[in-house]
file input_1.cif (mmCIF, C-alpha atoms)
data_target
loop_
_atom_site.label_atom_id
_atom_site.label_comp_id
_atom_site.auth_asym_id
_atom_site.auth_seq_id
_atom_site.Cartn_x
_atom_site.Cartn_y
_atom_site.Cartn_z
CA MET V 965 140.13 92.54 97.23
CA THR V 966 137.83 93.64 100.05
CA VAL V 967 136.60 96.58 97.96
CA ALA V 968 135.83 94.25 95.03
CA LEU V 969 133.97 91.77 97.26
CA ALA V 970 131.89 94.48 98.92
CA VAL V 971 130.91 96.30 95.73
CA VAL V 972 130.11 93.04 93.91
CA LEU V 973 127.81 92.02 96.78
CA VAL V 974 126.11 95.41 97.02
CA GLY V 975 125.86 95.70 93.23
CA GLY V 976 124.47 92.18 92.77
CA GLY V 977 122.09 92.58 95.69
CA SER V 978 120.92 95.94 94.36
CA LEU V 979 120.13 94.43 90.97
CA LEU V 980 118.10 91.66 92.60
CA LEU V 981 116.19 94.18 94.74
CA ARG V 982 115.39 96.17 91.60
CA VAL V 983 114.51 93.35 89.25
CA LEU V 984 112.84 90.56 91.26
CA PRO V 985 109.60 92.40 92.14
CA LEU V 986 109.22 93.47 88.50
CA LEU V 987 109.75 89.92 87.25
CA GLY V 988 106.83 88.79 89.41
CA ALA V 989 104.83 91.95 88.73
CA ALA V 990 101.69 90.12 87.58
CA ARG V 991 101.43 88.25 90.88
CA ILE V 992 101.74 91.21 93.24
CA PRO V 993 98.38 92.34 94.69
CA ASP V 994 97.38 95.98 94.16
CA ARG V 995 97.21 96.52 97.88
CA VAL V 996 100.88 95.60 98.27
CA THR V 997 101.93 97.92 95.45
CA VAL V 998 100.06 100.83 97.09
CA HIS V 999 101.85 100.27 100.40
CA ALA V 1000 105.19 99.83 98.63
CA GLY V 1001 104.69 103.16 96.87
CA ARG V 1002 104.07 104.90 100.17
CA ALA V 1003 107.07 103.18 101.74
CA GLY V 1004 109.17 104.52 98.87
CA MET V 1005 107.88 108.07 99.34
CA ALA V 1006 108.48 107.73 103.08
CA VAL V 1007 112.12 106.77 102.46
CA LEU V 1008 112.62 109.81 100.24
CA ALA V 1009 111.06 112.07 102.88
CA ALA V 1010 113.26 110.49 105.57
CA THR V 1011 116.36 110.93 103.42
CA THR V 1012 115.63 114.65 103.14
CA VAL V 1013 114.99 115.07 106.87
CA ARG V 1014 118.07 113.03 107.80
CA THR V 1015 120.27 115.15 105.55
CA VAL V 1016 118.94 118.33 107.16
CA VAL V 1017 119.35 117.04 110.72
CA GLN V 1018 122.90 115.87 110.05
CA HIS V 1019 123.90 118.96 108.07
CA ARG V 1020 127.15 120.61 109.18
CA ASP V 1021 128.80 123.80 107.96
CA SER V 1022 132.08 124.73 109.61
CA SER V 1023 131.90 128.29 108.25
CA LEU V 1024 128.96 129.07 110.56
CA ALA V 1025 129.21 130.06 114.22
CA GLY V 1026 127.63 127.39 116.45
CA ALA V 1027 127.57 125.10 113.43
CA SER V 1028 126.10 122.04 115.18
CA VAL V 1029 122.85 123.95 115.78
CA THR V 1030 122.95 126.75 113.23
CA ALA V 1031 123.69 124.57 110.20
CA PRO V 1032 120.70 122.20 110.57
CA VAL V 1033 118.37 125.15 111.28
CA LEU V 1034 119.64 126.98 108.21
CA ALA V 1035 119.34 123.82 106.13
CA ALA V 1036 115.78 123.27 107.37
CA LEU V 1037 114.79 126.82 106.39
CA ALA V 1038 116.37 126.51 102.95
CA VAL V 1039 114.93 123.07 102.23
CA GLY V 1040 111.58 124.31 103.55
CA VAL V 1041 111.59 127.08 100.93
CA GLY V 1042 112.29 124.55 98.18
CA LEU V 1043 109.65 122.10 99.37
CA TRP V 1044 107.04 124.85 99.70
CA LEU V 1045 107.62 125.99 96.13
CA ALA V 1046 107.46 122.40 94.84
CA TYR V 1047 104.24 121.86 96.79
CA ARG V 1048 102.80 125.03 95.23
CA GLY V 1049 103.45 123.60 91.78
CA ARG V 1050 106.72 125.29 90.78
CA SER V 1051 109.11 123.22 88.66
CA LEU V 1052 111.66 121.06 90.45
CA LEU V 1053 114.54 123.10 89.10
CA VAL V 1054 113.03 126.38 90.35
CA ALA V 1055 112.28 124.85 93.76
CA VAL V 1056 115.77 123.38 94.12
CA ALA V 1057 117.44 126.58 92.94
CA ALA V 1058 115.38 128.67 95.36
CA GLY V 1059 116.23 126.34 98.25
CA LEU V 1060 119.92 126.43 97.43
CA ALA V 1061 119.90 130.23 96.97
CA SER V 1062 118.13 130.58 100.34
CA TYR V 1063 120.85 128.57 102.04
CA LEU V 1064 123.68 130.54 100.46
CA THR V 1065 122.02 133.87 101.26
CA LEU V 1066 121.25 132.97 104.88
CA ALA V 1067 124.76 131.57 105.38
CA ALA V 1068 126.31 134.74 103.95
CA VAL V 1069 124.13 136.96 106.18
CA LEU V 1070 125.01 134.94 109.28
CA ALA V 1071 128.71 134.94 108.40
CA ALA V 1072 128.64 138.72 107.93
CA ARG V 1073 127.00 139.30 111.34
CA THR V 1074 129.45 137.14 113.32
CA MET X 1133 100.68 102.93 78.24
CA SER X 1134 97.20 103.53 79.67
CA ALA X 1135 95.51 102.21 82.77
CA LEU X 1136 92.77 99.59 82.41
CA ARG X 1137 90.70 98.02 85.20
CA THR X 1138 90.13 94.33 84.59
CA ALA X 1139 87.04 92.29 85.47
CA SER X 1140 88.77 91.14 88.64
CA GLY X 1141 89.19 94.76 89.67
CA ARG X 1142 92.97 94.80 89.14
CA THR X 1143 94.41 97.88 87.43
CA VAL X 1144 96.93 97.03 84.74
CA ALA X 1145 98.76 98.97 82.07
CA VAL X 1146 97.92 98.39 78.41
CA ALA X 1147 100.07 99.10 75.38
CA ARG X 1148 100.11 102.58 73.87
CA PRO X 1149 100.87 103.36 70.24
CA ALA X 1150 104.57 103.87 69.45
CA ALA X 1151 104.12 107.60 68.78
CA LEU X 1152 102.64 108.15 72.23
CA LEU X 1153 105.40 106.05 73.79
CA ASP X 1154 108.00 108.20 72.03
CA ARG X 1155 106.30 111.35 73.28
CA ASP X 1156 106.22 109.98 76.83
CA ALA X 1157 109.90 109.01 76.64
CA ALA X 1158 110.82 112.48 75.38
CA ALA X 1159 108.89 113.97 78.31
CA GLY X 1160 110.89 111.73 80.66
CA VAL X 1161 114.17 112.91 79.15
CA ARG X 1162 113.07 116.55 79.47
CA ALA X 1163 112.06 116.05 83.10
CA MET X 1164 115.35 114.40 84.00
CA LEU X 1165 117.73 116.86 82.30
CA PRO X 1166 117.40 119.66 84.89
CA LEU X 1167 117.87 117.15 87.69
CA LEU X 1168 121.23 116.17 86.22
CA VAL X 1169 122.46 119.67 87.09
CA ALA X 1170 121.21 119.18 90.64
CA TYR X 1171 122.77 115.71 90.89
CA ALA X 1172 126.15 116.73 89.49
CA PRO X 1173 127.73 117.83 92.81
CA PHE X 1174 126.67 114.57 94.46
CA ALA X 1175 128.05 112.52 91.56
CA LEU X 1176 131.36 114.37 91.82
CA MET X 1177 131.50 113.51 95.53
CA VAL X 1178 130.85 109.84 94.77
CA GLY X 1179 133.55 109.99 92.09
CA ALA X 1180 136.02 111.44 94.59
CA ALA X 1181 135.23 108.58 97.01
CA VAL X 1182 135.71 106.07 94.18
CA ALA X 1183 139.14 107.54 93.36
CA ALA X 1184 140.16 107.48 97.03
CA SER X 1185 139.22 103.81 97.60
CA ASP X 1186 141.76 100.98 97.76
CA ASN X 1187 140.49 99.54 94.47
CA PRO X 1188 139.30 102.44 92.29
CA LEU X 1189 138.59 100.23 89.26
CA ALA X 1190 136.21 97.92 91.16
CA ALA X 1191 134.59 100.88 92.89
CA TRP X 1192 134.11 102.66 89.55
CA LEU X 1193 132.74 99.59 87.75
CA SER X 1194 130.10 99.19 90.45
CA THR X 1195 128.68 102.60 89.52
CA TRP X 1196 126.41 100.75 87.06
CA THR X 1197 125.32 97.98 89.42
CA ILE X 1198 124.99 99.84 92.73
CA TYR X 1199 123.69 102.82 90.74
CA ALA X 1200 122.79 104.87 93.81
CA GLY X 1201 125.05 107.52 95.27
CA ALA X 1202 124.12 107.10 98.92
CA ALA X 1203 124.67 103.32 98.96
CA HIS X 1204 127.89 103.69 96.99
CA LEU X 1205 129.22 106.28 99.47
CA VAL X 1206 128.15 104.25 102.52
CA THR X 1207 129.84 101.11 101.18
CA LEU X 1208 133.09 102.93 100.41
CA ASP X 1209 132.99 104.84 103.74
CA VAL X 1210 132.62 101.66 105.79
CA LEU X 1211 135.50 100.08 103.83
CA ALA X 1212 137.64 103.19 104.37
CA GLN X 1213 137.03 102.93 108.13
CA GLY X 1214 138.48 99.41 108.03
CA SER X 1215 135.30 97.64 109.12
CA GLY X 1216 135.66 94.89 106.50
CA TRP X 1217 133.76 93.84 103.39
CA VAL X 1218 130.91 92.09 105.22
CA ALA X 1219 130.03 95.20 107.24
CA ALA X 1220 130.37 97.36 104.12
CA ALA X 1221 128.11 95.08 102.07
CA VAL X 1222 125.46 94.92 104.81
CA ALA X 1223 125.52 98.71 105.23
CA GLY X 1224 125.24 99.27 101.47
CA LEU X 1225 122.45 96.73 101.00
CA LEU X 1226 120.43 98.15 103.89
CA VAL X 1227 120.42 101.53 102.16
CA GLN X 1228 119.33 99.78 98.94
CA THR X 1229 116.36 97.92 100.43
CA ARG X 1230 114.17 100.87 99.39
CA LEU X 1231 114.65 99.72 95.80
CA SER X 1232 112.43 96.70 96.41
CA ALA X 1233 109.65 99.05 97.56
CA TYR X 1234 110.07 101.17 94.42
CA SER X 1235 110.11 98.08 92.22
CA THR X 1236 107.06 96.56 93.89
CA SER X 1237 105.10 99.80 93.51
CA MET X 1238 105.81 99.74 89.76
CA ALA X 1239 104.18 96.33 89.27
CA PRO X 1240 100.78 97.55 87.97
CA ASP X 1241 102.47 99.61 85.24
CA TRP X 1242 104.78 96.81 84.11
CA ALA X 1243 102.72 93.65 84.65
CA THR X 1244 101.88 93.38 80.94
CA ALA X 1245 105.36 94.34 79.69
CA THR X 1246 107.70 91.82 78.10
CA LEU X 1247 110.41 90.16 80.20
CA SER X 1248 113.15 92.22 78.57
CA GLN X 1249 111.22 95.46 79.21
CA ARG X 1250 110.76 94.55 82.88
CA LEU X 1251 114.45 93.69 83.19
CA LEU X 1252 115.38 97.03 81.63
CA ALA X 1253 112.99 98.86 83.95
CA GLY X 1254 114.62 97.13 86.91
CA VAL X 1255 118.17 97.91 85.84
CA LEU X 1256 117.30 101.61 85.40
CA LEU X 1257 115.55 101.90 88.76
CA THR X 1258 116.73 104.50 91.24
CA ASP X 1259 115.26 107.37 93.26
CA ALA X 1260 114.80 110.18 90.74
CA PRO X 1261 113.17 108.34 87.79
CA TRP X 1262 110.88 106.49 90.17
CA ALA X 1263 109.81 109.63 92.03
CA LEU X 1264 109.29 111.63 88.85
CA THR X 1265 107.18 108.86 87.30
CA ARG X 1266 104.98 108.60 90.42
CA ALA X 1267 103.66 112.08 89.74
CA ARG X 1268 102.33 111.12 86.26
CA GLU X 1269 98.87 109.79 85.61
CA THR X 1270 99.42 108.39 82.10
CA GLY X 1271 102.23 107.19 79.88
CA ARG X 1272 104.30 106.03 82.81
CA ARG X 1273 106.28 103.33 81.01
CA GLY X 1274 107.61 105.56 78.26
CA PHE X 1275 108.22 108.44 80.65
CA TYR X 1276 110.09 106.20 83.08
CA LEU X 1277 112.27 104.72 80.35
CA GLY X 1278 113.13 108.19 79.02
CA ALA X 1279 114.00 109.53 82.47
CA GLY X 1280 115.76 106.35 83.55
CA LEU X 1281 117.94 105.99 80.45
CA THR X 1282 118.97 109.64 80.68
CA LEU X 1283 120.20 109.21 84.24
CA PHE X 1284 121.73 105.81 83.48
CA VAL X 1285 123.96 107.43 80.87
CA ALA X 1286 124.68 110.65 82.75
CA TRP X 1287 125.28 109.36 86.31
CA PRO X 1288 128.30 107.12 85.54
CA ALA X 1289 129.70 109.88 83.30
CA MET X 1290 129.47 112.42 86.13
CA VAL X 1291 130.94 109.94 88.65
CA THR X 1292 133.83 109.36 86.23
CA VAL X 1293 134.46 113.10 86.01
CA GLY X 1294 134.48 113.22 89.81
CA ALA X 1295 136.92 110.30 90.00
CA LEU X 1296 139.27 112.03 87.56
CA SER X 1297 138.97 115.54 88.98
CA GLY X 1298 139.38 114.57 92.62
CA ASP X 1299 137.86 115.90 95.80
CA VAL X 1300 136.69 119.36 94.73
CA LEU X 1301 133.22 119.50 96.30
CA SER X 1302 133.03 117.34 99.41
CA GLY X 1303 133.85 120.35 101.57
CA ASP X 1304 130.97 122.40 100.18
CA PRO X 1305 128.02 122.19 102.60
CA ALA X 1306 125.55 123.72 100.13
CA ALA X 1307 126.35 121.07 97.50
CA ALA X 1308 125.74 118.34 100.08
CA LEU X 1309 122.17 119.58 100.51
CA VAL X 1310 121.20 119.42 96.84
CA PRO X 1311 120.35 115.68 96.40
CA ALA X 1312 118.13 115.74 99.48
CA LEU X 1313 116.48 118.91 98.22
CA VAL X 1314 115.74 117.26 94.87
CA LEU X 1315 114.25 114.15 96.46
CA GLY X 1316 112.30 116.20 98.99
CA CYS X 1317 110.79 118.32 96.22
CA THR X 1318 109.59 115.23 94.35
CA VAL X 1319 107.83 114.13 97.54
CA ALA X 1320 106.37 117.61 98.12
CA THR X 1321 104.56 117.50 94.77
CA GLN X 1322 102.55 114.52 96.04
CA LEU X 1323 101.69 115.71 99.55
CA ARG X 1324 98.13 116.64 98.53
CA HIS X 1325 97.29 112.94 98.88
CA ARG X 1326 96.56 112.56 102.58
CA PRO X 1327 98.05 109.03 103.00
CA VAL X 1328 101.29 110.20 101.34
CA LEU X 1329 101.32 113.27 103.61
CA VAL X 1330 100.87 111.14 106.74
CA ALA X 1331 103.41 108.56 105.54
CA SER X 1332 105.96 111.30 104.85
CA ALA X 1333 105.34 112.99 108.21
CA ALA X 1334 105.76 109.68 110.06
CA ALA X 1335 108.95 108.93 108.12
CA GLY X 1336 110.30 112.43 108.79
CA LEU X 1337 109.70 112.00 112.52
CA SER X 1338 111.38 108.61 112.35
CA ALA X 1339 114.37 110.19 110.60
CA VAL X 1340 114.79 112.72 113.42
CA VAL X 1341 114.64 109.99 116.07
CA THR X 1342 117.02 107.66 114.20
CA ALA X 1343 119.50 110.36 113.14
CA PRO X 1344 122.31 108.92 115.31
CA VAL X 1345 122.07 105.37 113.85
CA SER X 1346 123.35 104.11 110.49
CA ALA X 1347 121.62 105.24 107.29
CA GLY X 1348 120.45 101.74 106.35
CA VAL X 1349 118.73 101.07 109.66
CA ALA X 1350 117.24 104.57 109.70
CA LEU X 1351 115.76 104.23 106.20
CA VAL X 1352 114.23 100.82 106.93
CA ALA X 1353 112.68 102.28 110.10
CA ALA X 1354 111.35 105.22 108.07
CA ALA X 1355 109.80 102.88 105.51
CA VAL X 1356 108.03 100.94 108.27
CA ALA X 1357 106.86 104.15 109.97
CA GLY X 1358 105.68 105.60 106.67
CA THR X 1359 103.77 102.47 105.67
CA ALA X 1360 102.08 102.32 109.06
CA GLY X 1361 101.22 106.02 108.85
CA GLY X 1362 99.75 105.60 105.37
CA MET X 1363 97.63 102.65 106.51
CA LEU X 1364 96.30 104.62 109.46
CA ALA X 1365 95.43 107.53 107.16
CA ASP X 1366 93.51 105.11 104.93
CA LEU X 1367 91.61 103.74 107.89
CA ALA X 1368 90.80 107.23 109.12
CA THR X 1369 89.55 108.56 105.79
CA ARG X 1370 87.88 105.54 104.20
CA GLY X 1371 87.34 103.10 107.00
CA SER X 1372 89.21 100.44 105.05
CA LEU X 1373 92.63 99.52 103.72
CA PRO X 1374 93.55 100.19 100.07
CA GLY X 1375 92.51 97.36 97.81
CA THR X 1376 89.62 96.29 100.02
CA VAL X 1377 85.97 97.07 99.46
CA ALA X 1378 84.32 99.10 102.17
CA SER X 1379 81.13 97.53 103.34
#
call {"tool": "encode", "arguments": {"input": "input_1.cif", "output": "structure tokens"}}
result
Amino acid sequence: MTVALAVVLVGGGSLLLRVLPLLGAARIPDRVTVHAGRAGMAVLAATTVRTVVQHRDSSLAGASVTAPVLAALAVGVGLWLAYRGRSLLVAVAAGLASYLTLAAVLAART
Amino acid sequence: MSALRTASGRTVAVARPAALLDRDAAAGVRAMLPLLVAYAPFALMVGAAVAASDNPLAAWLSTWTIYAGAAHLVTLDVLAQGSGWVAAAVAGLLVQTRLSAYSTSMAPDWATATLSQRLLAGVLLTDAPWALTRARETGRRGFYLGAGLTLFVAWPAMVTVGALSGDVLSGDPAAALVPALVLGCTVATQLRHRPVLVASAAAGLSAVVTAPVSAGVALVAAAVAGTAGGMLADLATRGSLPGTVAS
């Protein structure tokens, strides 16, 4: 019952958050939409950074420090390629491959 | 859909011919398809959490309404820790508050759309279609609908596979990085705009500082920091806020 209550509340609330601004779209000033767009991009950037900072990998020695550093390097490779105009798939694949390679090298040396 | 500046200075979208709309929608589908591969590990993790919850049916049905992996996981995690449905709902909704920012930012493109089109756009709204559409200059409505419908069909299907196949990926650290990598790359494509760059840098700094607190609180703080950073960048470069006329 508690699961049903929680997911109904989050689901219903999510729908309202998605739909209400669009229903009143004609009344929203341009200035507000510009700031909202930047807030959205900021949340995506924060999500990426948070994931990197909290990244853990028990297969690595000194995982609490090594794993976030490795993740930052790998995500950095992906972001750099995306910034330089490579396709998202190439950028994501390169980032992921960087992580796997670096993790394998570190594991081999320890 | 094309952009048109009205006499009052407001930029609104105007209707495009059906053929162009179809082409835009097809471009949206093509843009989203590769991301489905990237999102698959995350969807499998969400599916595993759904299967492990006390009420798998309710948790699975909410895939369509919550329709966001992070909020879904946070809600189920808080419930699994025994913190109760109120705490779980608050935690999940805090993570989802970003959706109102996405939705608000879409207003100029959808202001002239019919009610049913705006409702559909709202139902389909989540991170990836929104971020992909931000990078386009024209044909945003069709592109968004193509990308959004693709994910709306594929995401629940992938979550269902995860619920049926069990916990096969949650222990894989590389897979856990992929969704953040995808979202980060969509941001990176727009960092040439100085206000977006400053907003993202401020939000990234905020994310480091707020790493120990809950995801919902951290993301709201990042949105505030990013908005403030973007406004400061506007002031620094143009001497005015967006939407105002510099004297």
call {"tool": "closest_residue", "arguments": {"input": "input_1.cif", "among": "X:Ala1339, X:Leu1367, X:Cys1317, X:Ala1357", "to": "Trp1044 in chain V", "atoms": "all atoms listed in the file"}}
result
X:Cys1317
call {"tool": "resolve_selection", "arguments": {"input": "input_1.cif", "expression": "the PyMOL selection byres ((chain X and resi 1265) around 10)", "output": "list in words"}}
result
Gly1160, Ala1163, Met1238, Ala1260, Pro1261, Trp1262, Ala1263, Leu1264, Arg1266, Ala1267, Arg1268, Glu1269, Thr1270, Gly1271, Arg1272, Arg1273, Gly1274, Phe1275, Tyr1276, Leu1277, Ala1279, Gly1280 and Thr1318 of chain X
call {"tool": "residues_around", "arguments": {"input": "input_1.cif", "residues": "range 994-1011 of chain V", "least_positions_apart": "4", "cutoff": "7 Å", "atoms": "all atoms listed in the file", "output": "mmCIF file with C-alpha atoms, in the coordinates of the input"}}
result
data_model
loop_
_atom_site.group_PDB
_atom_site.id
_atom_site.type_symbol
_atom_site.label_atom_id
_atom_site.label_comp_id
_atom_site.auth_asym_id
_atom_site.auth_seq_id
_atom_site.Cartn_x
_atom_site.Cartn_y
_atom_site.Cartn_z
ATOM 1 C CA THR V 1015 120.270 115.150 105.550
ATOM 2 C CA ARG X 1142 92.970 94.800 89.140
ATOM 3 C CA ARG X 1230 114.170 100.870 99.390
ATOM 4 C CA ALA X 1233 109.650 99.050 97.560
ATOM 5 C CA TYR X 1234 110.070 101.170 94.420
ATOM 6 C CA THR X 1236 107.060 96.560 93.890
ATOM 7 C CA SER X 1237 105.100 99.800 93.510
ATOM 8 C CA ALA X 1239 104.180 96.330 89.270
ATOM 9 C CA ALA X 1312 118.130 115.740 99.480
ATOM 10 C CA LEU X 1315 114.250 114.150 96.460
ATOM 11 C CA GLY X 1316 112.300 116.200 98.990
ATOM 12 C CA VAL X 1319 107.830 114.130 97.540
ATOM 13 C CA VAL X 1328 101.290 110.200 101.340
ATOM 14 C CA ALA X 1331 103.410 108.560 105.540
ATOM 15 C CA SER X 1332 105.960 111.300 104.850
ATOM 16 C CA ALA X 1335 108.950 108.930 108.120
ATOM 17 C CA GLY X 1336 110.300 112.430 108.790
ATOM 18 C CA ALA X 1339 114.370 110.190 110.600
ATOM 19 C CA LEU X 1351 115.760 104.230 106.200
ATOM 20 C CA ALA X 1354 111.350 105.220 108.070
ATOM 21 C CA ALA X 1355 109.800 102.880 105.510
ATOM 22 C CA VAL X 1356 108.030 100.940 108.270
ATOM 23 C CA GLY X 1358 105.680 105.600 106.670
ATOM 24 C CA THR X 1359 103.770 102.470 105.670
ATOM 25 C CA GLY X 1362 99.750 105.600 105.370
ATOM 26 C CA PRO X 1374 93.550 100.190 100.070
ATOM 27 C CA GLY X 1375 92.510 97.360 97.810
#
call {"tool": "residues_around", "arguments": {"input": "input_1.cif", "residues": "range 1017-1033 of chain V", "least_positions_apart": "4", "cutoff": "7 Å", "atoms": "all atoms listed in the file", "output": "list of chain:residue names"}}
result
V:Val1013, V:Leu1037, V:Ala1071, X:Pro1305, X:Val1340
call {"tool": "atom_distance", "arguments": {"input": "input_1.cif", "atom1": "CA of Leu1208 in chain X", "atom2": "CA of Leu969 in chain V"}}
result
11.6 Å
call {"tool": "closest_residue", "arguments": {"input": "input_1.cif", "among": "X:Ile1198, X:Val1330, X:Met1290, X:Leu1189", "to": "chain V", "atoms": "only C-alpha atoms"}}
result
X:Ile1198
call {"tool": "closest_residue", "arguments": {"input": "input_1.cif", "among": "X:Val1293, X:Leu1313, X:Leu1281, X:Ala1350", "to": "Leu1165 in chain X", "atoms": "only C-alpha atoms"}}
result
X:Leu1281
call {"tool": "resolve_selection", "arguments": {"input": "input_1.cif", "expression": "the PyMOL selection byres ((chain X and resi 1195) around 10)", "output": "number ranges by chain"}}
result
V: 971, 975; X: 1178-1179, 1182, 1190-1194, 1196-1201, 1204, 1284, 1287-1289, 1291-1292
call {"tool": "resolve_selection", "arguments": {"input": "input_1.cif", "expression": "the PyMOL selection byres ((chain V and resi 1055) around 8)", "output": "list in words"}}
result
Val1041, Gly1042, Leu1043, Trp1044, Leu1045, Ala1046, Arg1050, Ser1051, Leu1052, Leu1053, Val1054, Val1056, Ala1057, Ala1058 and Gly1059 of chain V; Cys1317 of chain X
call {"tool": "axis_aligned_box", "arguments": {"input": "input_1.cif", "around": "range 1348-1357 of chain X", "padding_each_side": "8 Å", "output": "AutoDock Vina command-line options"}}
result
--center_x 113.7 --center_y 103.0 --center_z 107.8 --size_x 29.6 --size_y 20.4 --size_z 20.6
call {"tool": "closest_residue", "arguments": {"input": "input_1.cif", "among": "X:Gln1213, X:Ser1185, X:Thr1369, X:Ser1297", "to": "chain V", "atoms": "all atoms listed in the file"}}
result
X:Ser1185
call {"tool": "atom_distance", "arguments": {"input": "input_1.cif", "atom1": "CA of Asp1366 in chain X", "atom2": "CA of Val1352 in chain X"}}
result
21.3 Å
call {"tool": "residues_around", "arguments": {"input": "input_1.cif", "residues": "Leu973 in chain V", "least_positions_apart": "3", "cutoff": "10 Å", "atoms": "only C-alpha atoms", "output": "count of residues only"}}
result
18
call {"tool": "closest_residue", "arguments": {"input": "input_1.cif", "among": "V:Leu1034, V:Ala1072, V:Ala1061, V:Val1039", "to": "chain X", "atoms": "all atoms listed in the file"}}
result
V:Val1039
call {"tool": "decode", "arguments": {"input": "input_1.cif", "residues": "range 971-990 of chain V", "atoms": "N, CA and C atoms", "output": "mmCIF file, in the first residue's frame"}}
result
data_model
loop_
_atom_site.group_PDB
_atom_site.id
_atom_site.type_symbol
_atom_site.label_atom_id
_atom_site.label_comp_id
_atom_site.auth_asym_id
_atom_site.auth_seq_id
_atom_site.Cartn_x
_atom_site.Cartn_y
_atom_site.Cartn_z
ATOM 1 N N VAL V 971 4.121 6.030 -5.258
ATOM 2 C CA VAL V 971 4.309 6.152 -6.708
ATOM 3 C C VAL V 971 3.147 6.907 -7.368
ATOM 4 N N VAL V 972 1.939 6.796 -6.786
ATOM 5 C CA VAL V 972 0.819 7.575 -7.328
ATOM 6 C C VAL V 972 1.063 9.069 -7.102
ATOM 7 N N LEU V 973 1.559 9.419 -5.903
ATOM 8 C CA LEU V 973 1.854 10.827 -5.615
ATOM 9 C C LEU V 973 2.970 11.366 -6.507
ATOM 10 N N VAL V 974 4.050 10.603 -6.617
ATOM 11 C CA VAL V 974 5.178 11.070 -7.442
ATOM 12 C C VAL V 974 4.768 11.100 -8.916
ATOM 13 N N GLY V 975 4.036 10.086 -9.359
ATOM 14 C CA GLY V 975 3.587 10.056 -10.751
ATOM 15 C C GLY V 975 2.636 11.197 -11.072
ATOM 16 N N GLY V 976 1.638 11.399 -10.209
ATOM 17 C CA GLY V 976 0.677 12.493 -10.426
ATOM 18 C C GLY V 976 1.358 13.849 -10.367
ATOM 19 N N GLY V 977 2.225 14.018 -9.378
ATOM 20 C CA GLY V 977 2.954 15.286 -9.248
ATOM 21 C C GLY V 977 3.851 15.536 -10.452
ATOM 22 N N SER V 978 4.475 14.476 -10.942
ATOM 23 C CA SER V 978 5.359 14.609 -12.106
ATOM 24 C C SER V 978 4.570 15.063 -13.328
ATOM 25 N N LEU V 979 3.395 14.485 -13.506
ATOM 26 C CA LEU V 979 2.559 14.882 -14.653
ATOM 27 C C LEU V 979 2.176 16.356 -14.561
ATOM 28 N N LEU V 980 1.814 16.792 -13.353
ATOM 29 C CA LEU V 980 1.453 18.208 -13.188
ATOM 30 C C LEU V 980 2.647 19.115 -13.485
ATOM 31 N N LEU V 981 3.826 18.729 -12.980
ATOM 32 C CA LEU V 981 5.029 19.539 -13.225
ATOM 33 C C LEU V 981 5.340 19.630 -14.712
ATOM 34 N N ARG V 982 5.048 18.557 -15.443
ATOM 35 C CA ARG V 982 5.310 18.539 -16.887
ATOM 36 C C ARG V 982 4.286 19.358 -17.667
ATOM 37 N N VAL V 983 3.037 19.210 -17.282
ATOM 38 C CA VAL V 983 1.945 19.698 -18.137
ATOM 39 C C VAL V 983 1.538 21.149 -17.823
ATOM 40 N N LEU V 984 1.490 21.515 -16.548
ATOM 41 C CA LEU V 984 0.936 22.830 -16.189
ATOM 42 C C LEU V 984 1.629 24.004 -16.894
ATOM 43 N N PRO V 985 2.966 24.069 -16.895
ATOM 44 C CA PRO V 985 3.583 25.213 -17.599
ATOM 45 C C PRO V 985 3.228 25.235 -19.091
ATOM 46 N N LEU V 986 3.086 24.079 -19.710
ATOM 47 C CA LEU V 986 2.753 24.049 -21.133
ATOM 48 C C LEU V 986 1.304 24.471 -21.377
ATOM 49 N N LEU V 987 0.427 24.164 -20.420
ATOM 50 C CA LEU V 987 -0.968 24.586 -20.591
ATOM 51 C C LEU V 987 -1.080 26.113 -20.545
ATOM 52 N N GLY V 988 -0.229 26.736 -19.767
ATOM 53 C CA GLY V 988 -0.253 28.211 -19.697
ATOM 54 C C GLY V 988 0.851 28.830 -20.526
ATOM 55 N N ALA V 989 1.296 28.120 -21.559
ATOM 56 C CA ALA V 989 2.479 28.537 -22.320
ATOM 57 C C ALA V 989 2.367 29.960 -22.873
ATOM 58 N N ALA V 990 1.157 30.338 -23.309
ATOM 59 C CA ALA V 990 1.007 31.648 -23.956
ATOM 60 C C ALA V 990 1.189 32.797 -22.971
#
